[in-house]
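Contents: one structure, followed by commentary.
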Amino acid sequence: MIPILFNAEATDFSTNGFGRLSDCASCQVTEARNGLYELEMTYPVTGAFYKEIQMASLILAVPGDGQEAQPFAVYKISKPLQGVVRIYAQHMSYQLSCIPCAPFTASSVSEALDGLKQYAAEPCPYTFWTDKTSAGTFTVPAPSSIRSRLGGVSGSILDVYGGEYEFD
């Protein structure tokens, strides 16, 4: 699939947005289990949509064979080198780092995931679900980002219940 460029506020990815980035030189998505999920793309300054690629722009790309296209938000654009820029973008799920969650306690993984949305300090446009039935006490002791409560810190949902995330 050829990556597609959208504005930063896009939520409907069924269109061609600004357009298909068919003149990109390379586009690679790296996804580590329960970790890094980023896109790196090289694009010529003479490309049709070079001027539209801005910080926070969204790039829809297929992360791997058999997977659905995913939106990635641009966080860094290099200076041109020999007429080419390198564009770095993070999966849209990284926006969960900007949504704080108030303290709460849950006794199962399902309750914990429901609590992340219920106790979000601002609107959370994401949904969470699991096929796990693990029990155990999960606690958000102090306000913290939803993404950190999912994993990466002591006492996170991954830490308490285990498992593997699939962001879509």
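Residue numbering restarts at 1 in every chain; chains get A, B, ... in the order shown in the structure tokens, and ligands count up from 1 in that same order.
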
Which neighbours of stretch 68-83 of chain A fall inside 10 Å, counting only C-alpha atoms, when residues of the same chain fewer than 6 positions from it are skipped, and could you give them as a PDB file with N, CA and C atoms, in the first residue's frame?
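As written to disk, selection.pdb reads:
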ATOM      1  N   MET A   1       0.833  -1.182   0.000  1.00  0.00           N
ATOM      2  CA  MET A   1       0.000   0.000   0.000  1.00  0.00           C
ATOM      3  C   MET A   1       0.878   1.247   0.000  1.00  0.00           C
ATOM      4  N   PRO A   3       1.545   4.889   1.195  1.00  0.00           N
ATOM      5  CA  PRO A   3       1.093   5.697   2.339  1.00  0.00           C
ATOM      6  C   PRO A   3       0.208   6.859   1.877  1.00  0.00           C
ATOM      7  N   ILE A   4      -0.725   7.260   2.745  1.00  0.00           N
ATOM      8  CA  ILE A   4      -1.654   8.346   2.430  1.00  0.00           C
ATOM      9  C   ILE A   4      -1.496   9.427   3.493  1.00  0.00           C
ATOM     10  N   LEU A   5      -1.461  10.689   3.068  1.00  0.00           N
ATOM     11  CA  LEU A   5      -1.289  11.821   3.973  1.00  0.00           C
ATOM     12  C   LEU A   5      -2.633  12.436   4.343  1.00  0.00           C
ATOM     13  N   PHE A   6      -2.829  12.680   5.650  1.00  0.00           N
ATOM     14  CA  PHE A   6      -4.042  13.316   6.174  1.00  0.00           C
ATOM     15  C   PHE A   6      -3.646  14.492   7.065  1.00  0.00           C
ATOM     16  N   ASN A   7      -4.596  15.399   7.292  1.00  0.00           N
ATOM     17  CA  ASN A   7      -4.314  16.493   8.228  1.00  0.00           C
ATOM     18  C   ASN A   7      -4.333  15.941   9.653  1.00  0.00           C
ATOM     19  N   ALA A   8      -3.839  16.737  10.579  1.00  0.00           N
ATOM     20  CA  ALA A   8      -3.662  16.294  11.966  1.00  0.00           C
ATOM     21  C   ALA A   8      -4.977  15.972  12.668  1.00  0.00           C
ATOM     22  N   ALA A  10      -7.691  14.551  11.295  1.00  0.00           N
ATOM     23  CA  ALA A  10      -8.459  13.505  10.609  1.00  0.00           C
ATOM     24  C   ALA A  10      -8.838  12.366  11.548  1.00  0.00           C
ATOM     25  N   THR A  11     -10.057  11.867  11.374  1.00  0.00           N
ATOM     26  CA  THR A  11     -10.508  10.684  12.109  1.00  0.00           C
ATOM     27  C   THR A  11     -11.125   9.662  11.151  1.00  0.00           C
ATOM     28  N   PHE A  13     -10.430   7.671   7.835  1.00  0.00           N
ATOM     29  CA  PHE A  13      -9.328   7.305   6.954  1.00  0.00           C
ATOM     30  C   PHE A  13      -9.806   6.495   5.745  1.00  0.00           C
ATOM     31  N   VAL A  29       7.609   0.609   8.770  1.00  0.00           N
ATOM     32  CA  VAL A  29       6.996   0.642  10.095  1.00  0.00           C
ATOM     33  C   VAL A  29       7.712  -0.378  10.969  1.00  0.00           C
ATOM     34  N   TYR A  37       6.233   1.623  18.247  1.00  0.00           N
ATOM     35  CA  TYR A  37       5.362   1.447  17.080  1.00  0.00           C
ATOM     36  C   TYR A  37       5.492   2.722  16.266  1.00  0.00           C
ATOM     37  N   GLU A  38       6.443   2.745  15.343  1.00  0.00           N
ATOM     38  CA  GLU A  38       6.770   3.964  14.622  1.00  0.00           C
ATOM     39  C   GLU A  38       6.957   3.733  13.132  1.00  0.00           C
ATOM     40  N   LEU A  39       6.845   4.827  12.410  1.00  0.00           N
ATOM     41  CA  LEU A  39       7.021   4.842  10.963  1.00  0.00           C
ATOM     42  C   LEU A  39       8.201   5.742  10.643  1.00  0.00           C
ATOM     43  N   GLU A  40       9.008   5.335   9.670  1.00  0.00           N
ATOM     44  CA  GLU A  40      10.086   6.177   9.150  1.00  0.00           C
ATOM     45  C   GLU A  40       9.957   6.173   7.634  1.00  0.00           C
ATOM     46  N   MET A  41       9.942   7.366   7.069  1.00  0.00           N
ATOM     47  CA  MET A  41       9.728   7.498   5.631  1.00  0.00           C
ATOM     48  C   MET A  41      10.721   8.503   5.066  1.00  0.00           C
ATOM     49  N   THR A  42      11.213   8.244   3.855  1.00  0.00           N
ATOM     50  CA  THR A  42      12.021   9.237   3.149  1.00  0.00           C
ATOM     51  C   THR A  42      11.169   9.777   2.012  1.00  0.00           C
ATOM     52  N   TYR A  43      11.245  11.102   1.841  1.00  0.00           N
ATOM     53  CA  TYR A  43      10.375  11.758   0.870  1.00  0.00           C
ATOM     54  C   TYR A  43      11.150  12.886   0.189  1.00  0.00           C
ATOM     55  N   PRO A  44      11.052  13.004  -1.145  1.00  0.00           N
ATOM     56  CA  PRO A  44      11.785  14.054  -1.859  1.00  0.00           C
ATOM     57  C   PRO A  44      11.126  15.425  -1.669  1.00  0.00           C
ATOM     58  N   VAL A  45      11.953  16.456  -1.601  1.00  0.00           N
ATOM     59  CA  VAL A  45      11.413  17.817  -1.466  1.00  0.00           C
ATOM     60  C   VAL A  45      10.679  18.234  -2.730  1.00  0.00           C
ATOM     61  N   THR A  46      10.873  17.486  -3.802  1.00  0.00           N
ATOM     62  CA  THR A  46      10.147  17.758  -5.053  1.00  0.00           C
ATOM     63  C   THR A  46       8.858  16.946  -5.137  1.00  0.00           C
ATOM     64  N   GLY A  47       8.549  16.186  -4.094  1.00  0.00           N
ATOM     65  CA  GLY A  47       7.349  15.351  -4.074  1.00  0.00           C
ATOM     66  C   GLY A  47       6.079  16.187  -4.106  1.00  0.00           C
ATOM     67  N   ILE A  53       3.198  18.066   4.232  1.00  0.00           N
ATOM     68  CA  ILE A  53       3.682  17.235   5.342  1.00  0.00           C
ATOM     69  C   ILE A  53       4.182  18.173   6.442  1.00  0.00           C
ATOM     70  N   GLN A  54       3.461  18.206   7.540  1.00  0.00           N
ATOM     71  CA  GLN A  54       3.754  19.089   8.659  1.00  0.00           C
ATOM     72  C   GLN A  54       3.856  18.258   9.938  1.00  0.00           C
ATOM     73  N   MET A  55       4.348  18.887  11.002  1.00  0.00           N
ATOM     74  CA  MET A  55       4.349  18.241  12.302  1.00  0.00           C
ATOM     75  C   MET A  55       2.899  17.911  12.665  1.00  0.00           C
ATOM     76  N   ALA A  56       2.654  16.744  13.194  1.00  0.00           N
ATOM     77  CA  ALA A  56       1.342  16.228  13.603  1.00  0.00           C
ATOM     78  C   ALA A  56       0.478  15.767  12.438  1.00  0.00           C
ATOM     79  N   SER A  57       0.916  15.965  11.192  1.00  0.00           N
ATOM     80  CA  SER A  57       0.177  15.383  10.065  1.00  0.00           C
ATOM     81  C   SER A  57       0.074  13.885  10.288  1.00  0.00           C
ATOM     82  N   LEU A  58      -0.939  13.273   9.718  1.00  0.00           N
ATOM     83  CA  LEU A  58      -1.124  11.834   9.867  1.00  0.00           C
ATOM     84  C   LEU A  58      -0.785  11.123   8.570  1.00  0.00           C
ATOM     85  N   ILE A  59      -0.077  10.018   8.695  1.00  0.00           N
ATOM     86  CA  ILE A  59       0.270   9.186   7.546  1.00  0.00           C
ATOM     87  C   ILE A  59      -0.342   7.818   7.782  1.00  0.00           C
ATOM     88  N   LEU A  60      -1.208   7.401   6.871  1.00  0.00           N
ATOM     89  CA  LEU A  60      -1.836   6.083   6.960  1.00  0.00           C
ATOM     90  C   LEU A  60      -0.957   5.103   6.201  1.00  0.00           C
ATOM     91  N   ALA A  61      -0.507   4.050   6.887  1.00  0.00           N
ATOM     92  CA  ALA A  61       0.378   3.071   6.271  1.00  0.00           C
ATOM     93  C   ALA A  61       0.083   1.681   6.819  1.00  0.00           C
ATOM     94  N   VAL A  62       0.379   0.680   6.025  1.00  0.00           N
ATOM     95  CA  VAL A  62       0.216  -0.707   6.451  1.00  0.00           C
ATOM     96  C   VAL A  62       1.487  -1.128   7.189  1.00  0.00           C
ATOM     97  N   ALA A  89       7.257   9.249  12.478  1.00  0.00           N
ATOM     98  CA  ALA A  89       5.890   9.339  12.992  1.00  0.00           C
ATOM     99  C   ALA A  89       5.628   8.201  13.972  1.00  0.00           C
ATOM    100  N   GLN A  90       4.801   8.495  14.979  1.00  0.00           N
ATOM    101  CA  GLN A  90       4.424   7.494  15.975  1.00  0.00           C
ATOM    102  C   GLN A  90       2.983   7.073  15.751  1.00  0.00           C
ATOM    103  N   HIS A  91       2.696   5.826  16.092  1.00  0.00           N
ATOM    104  CA  HIS A  91       1.325   5.327  15.962  1.00  0.00           C
ATOM    105  C   HIS A  91       0.384   6.218  16.748  1.00  0.00           C
ATOM    106  N   MET A  92      -0.818   6.353  16.259  1.00  0.00           N
ATOM    107  CA  MET A  92      -1.832   7.215  16.867  1.00  0.00           C
ATOM    108  C   MET A  92      -2.060   6.878  18.344  1.00  0.00           C
ATOM    109  N   SER A  93      -1.811   5.653  18.749  1.00  0.00           N
ATOM    110  CA  SER A  93      -2.019   5.257  20.145  1.00  0.00           C
ATOM    111  C   SER A  93      -1.115   6.029  21.105  1.00  0.00           C
ATOM    112  N   TYR A  94      -0.043   6.625  20.608  1.00  0.00           N
ATOM    113  CA  TYR A  94       0.836   7.413  21.468  1.00  0.00           C
ATOM    114  C   TYR A  94       0.108   8.629  22.032  1.00  0.00           C
ATOM    115  N   GLN A  95      -1.014   9.015  21.429  1.00  0.00           N
ATOM    116  CA  GLN A  95      -1.804  10.130  21.964  1.00  0.00           C
ATOM    117  C   GLN A  95      -2.346   9.796  23.352  1.00  0.00           C
ATOM    118  N   PHE A 167      -2.634  -2.559  18.787  1.00  0.00           N
ATOM    119  CA  PHE A 167      -3.221  -1.237  18.610  1.00  0.00           C
ATOM    120  C   PHE A 167      -3.799  -1.145  17.213  1.00  0.00           C
ATOM    121  N   ASP A 168      -5.065  -0.741  17.134  1.00  0.00           N
ATOM    122  CA  ASP A 168      -5.745  -0.624  15.843  1.00  0.00           C
ATOM    123  C   ASP A 168      -6.666   0.573  15.912  1.00  0.00           C
TER     124      ASP A 168
END

DSSP strand (DSSP E) residues within stretch 40-161 of chain A, listed as a PyMOL selection string: chain A and resi 40-44+58-61+70-77+84-91+100-101+104-108+135-140+144-145

Between atom CA of A:Pro143 and atom CA of A:Val160 lies a distance of 18.0 Å

Could you give me, as JSON, numbers by chain, the residues within 10 Å of A:Thr130, counting only C-alpha atoms and dropping anything in the same chain fewer than 2 positions from it? {"A": [109, 110, 113, 128, 132, 133, 134, 163, 164, 165]}

Atom-to-atom span, atom CA of A:Gly136 and atom CA of A:Ser107, Å: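 Interatomic distance here is 5.2 Å.
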
When you look at A:Gly155 with a cut-off of 8 Å (counting only C-alpha atoms), what residues show up, excluding the ones that are within fewer than 5 positions of it in the same chain? I need them as a ChimeraX atom specification. /A:138-139,149,160

Would you mind telling me which residue in A:Gln67, A:Cys124, A:Phe104, A:Gly17 lies nearest to A:Glu31 when using only C-alpha atoms? A:Gln67

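Residue nearest A:Pro63, chosen from A:Glu166, A:Ala142, A:Lys51, A:Ser14 and counting only C-alpha atoms: A:Glu166.
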
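Using only C-alpha atoms, the smallest distance between any of A:Ile146, A:Val84, A:Val153, A:Ala32 and A:Leu96 comes from A:Ile146.
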
Interatomic distance, atom CA of A:Pro141 to atom CA of A:Pro123 (Å, one decimal):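 Straight-line distance from atom CA of A:Pro141 to atom CA of A:Pro123 works out to 20.4 Å.
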
Just list as number ranges by chain whatever in chain A DSSP marks as alpha helix (DSSP H). A: 109-118, 146-150, 157-161
